[in-house]
$ cat work19.cif   # mmCIF, C-alpha atoms
data_start
loop_
_atom_site.group_PDB
_atom_site.id
_atom_site.type_symbol
_atom_site.label_atom_id
_atom_site.label_comp_id
_atom_site.auth_asym_id
_atom_site.auth_seq_id
_atom_site.Cartn_x
_atom_site.Cartn_y
_atom_site.Cartn_z
ATOM 1 C CA MET A 1 -1.062 12.930 -2.923
ATOM 2 C CA GLY A 2 -1.258 9.749 -4.989
ATOM 3 C CA LEU A 3 2.510 9.690 -5.462
ATOM 4 C CA LEU A 4 3.038 10.016 -1.724
ATOM 5 C CA MET A 5 0.637 7.140 -1.089
ATOM 6 C CA ALA A 6 2.448 4.992 -3.667
ATOM 7 C CA ALA A 7 5.854 5.817 -2.165
ATOM 8 C CA LEU A 8 4.664 4.942 1.334
ATOM 9 C CA ALA A 9 3.137 1.691 0.092
ATOM 10 C CA CYS A 10 6.422 0.795 -1.668
ATOM 11 C CA GLY A 11 8.313 1.531 1.523
ATOM 12 C CA GLY A 12 5.971 -0.658 3.524
ATOM 13 C CA LEU A 13 6.312 -3.554 1.099
ATOM 14 C CA ALA A 14 10.107 -3.205 1.124
ATOM 15 C CA ARG A 15 10.173 -3.287 4.921
ATOM 16 C CA ARG A 16 7.884 -6.305 4.940
ATOM 17 C CA TYR A 17 10.188 -8.068 2.493
ATOM 18 C CA LEU A 18 13.213 -7.362 4.695
ATOM 19 C CA LEU A 19 11.336 -8.527 7.779
ATOM 20 C CA GLU A 20 10.396 -11.838 6.135
ATOM 21 C CA PHE A 21 13.674 -12.301 4.231
ATOM 22 C CA GLY A 22 14.731 -15.935 4.068
ATOM 23 C CA GLU A 23 11.354 -17.446 4.888
ATOM 24 C CA ALA A 24 9.794 -19.924 2.503
ATOM 25 C CA SER A 25 6.638 -17.796 2.223
ATOM 26 C CA SER A 26 8.667 -14.998 0.598
ATOM 27 C CA THR A 27 8.999 -16.999 -2.599
ATOM 28 C CA TYR A 28 5.289 -16.741 -3.423
ATOM 29 C CA GLN A 29 4.299 -13.598 -1.510
ATOM 30 C CA PHE A 30 6.759 -11.318 -3.272
ATOM 31 C CA THR A 31 6.306 -12.207 -6.919
ATOM 32 C CA ARG A 32 6.061 -9.228 -9.273
ATOM 33 C CA PRO A 33 2.330 -9.636 -10.022
ATOM 34 C CA ASN A 34 1.498 -10.090 -6.345
ATOM 35 C CA ALA A 35 3.582 -7.078 -5.300
ATOM 36 C CA ALA A 36 1.998 -4.962 -8.063
ATOM 37 C CA LEU A 37 -1.492 -6.013 -6.961
ATOM 38 C CA HIS A 38 -0.765 -5.152 -3.342
ATOM 39 C CA LEU A 39 0.811 -1.848 -4.302
ATOM 40 C CA ALA A 40 -2.226 -0.902 -6.389
ATOM 41 C CA ALA A 41 -4.641 -1.983 -3.665
ATOM 42 C CA PHE A 42 -2.780 -0.162 -0.868
ATOM 43 C CA THR A 43 -2.425 3.003 -2.917
ATOM 44 C CA GLY A 44 -6.031 2.946 -4.135
ATOM 45 C CA ILE A 45 -7.579 2.308 -0.734
ATOM 46 C CA SER A 46 -5.376 4.923 0.948
ATOM 47 C CA SER A 47 -6.122 7.540 -1.715
ATOM 48 C CA LEU A 48 -9.869 6.904 -1.615
ATOM 49 C CA SER A 49 -9.870 7.082 2.182
ATOM 50 C CA TRP A 50 -7.972 10.358 2.087
ATOM 51 C CA ARG A 51 -10.395 11.826 -0.465
ATOM 52 C CA TYR A 52 -13.388 10.732 1.611
ATOM 53 C CA ALA A 53 -11.919 12.256 4.783
ATOM 54 C CA ALA A 54 -11.096 15.510 2.961
ATOM 55 C CA LYS A 55 -14.610 15.711 1.529
ATOM 56 C CA GLN A 56 -16.187 15.079 4.939
ATOM 57 C CA SER A 57 -14.048 17.748 6.603
ATOM 58 C CA ARG A 58 -15.117 20.294 3.962
ATOM 59 C CA LYS A 59 -18.789 19.492 4.561
ATOM 60 C CA SER A 60 -18.564 19.976 8.316
ATOM 61 C CA ALA A 61 -16.555 23.207 8.097
#

$ encode --input "work19.cif" --output "C-alpha cells"
Amino acid sequence: MGLLMAALACGGLARRYLLEFGEASSTYQFTRPNAALHLAAFTGISSLSWRYAAKQSRKSA
C-alpha cells in the first residue's frame, strides 16, 4: 500500500509541476529537497490515514 501511496503522490507532484510550468514560483517550489519533503509528507500522511481507517473498520465489524 505504501508503494501505491508514493506513486500517487509522485503523480500528483508531476501534474502540479506541469500545471505551474513556466511560473516564477516553480523555481523554488520544485527543488529536489522540497519535492522529496513533500513526497515523504504526502506518502506518510496518506499511509497513516489509511492504517487508521482500516483499524477503525476492523473494530466496528

$ atom_distance --input "work19.cif" --atom1 "CA of Gly11 in chain A" --atom2 "CA of Gly44 in chain A"
15.5 Å

$ residues_around --input "work19.cif" --residues "Gln29 in chain A" --least-positions-apart "6" --cutoff "12 Å" --atoms "all atoms listed in the file" --output "ChimeraX atom specification"
/A:13,16-17,20-21,23,35-38

$ atom_distance --input "work19.cif" --atom1 "CA of Met1 in chain A" --atom2 "CA of Arg58 in chain A"
17.3 Å

$ atom_distance --input "work19.cif" --atom1 "CA of Lys55 in chain A" --atom2 "CA of Gly2 in chain A"
16.0 Å

$ closest_residue --input "work19.cif" --among "A:Ser26, A:Leu48, A:Ala41, A:Ala53" --to "Ala14 in chain A" --atoms "all atoms listed in the file"
A:Ser26

$ residues_around --input "work19.cif" --residues "Ser47 in chain A" --least-positions-apart "5" --cutoff "12 Å" --atoms "all atoms listed in the file" --output "list in words"
Met1, Gly2, Leu3, Leu4, Met5, Ala6, Leu8, Ala9, Leu39, Ala40, Ala41, Phe42, Tyr52, Ala53 and Ala54 of chain A

$ closest_residue --input "work19.cif" --among "A:Ala7, A:Ala24, A:Leu18, A:Lys59" --to "Ser46 in chain A" --atoms "all atoms listed in the file"
A:Ala7
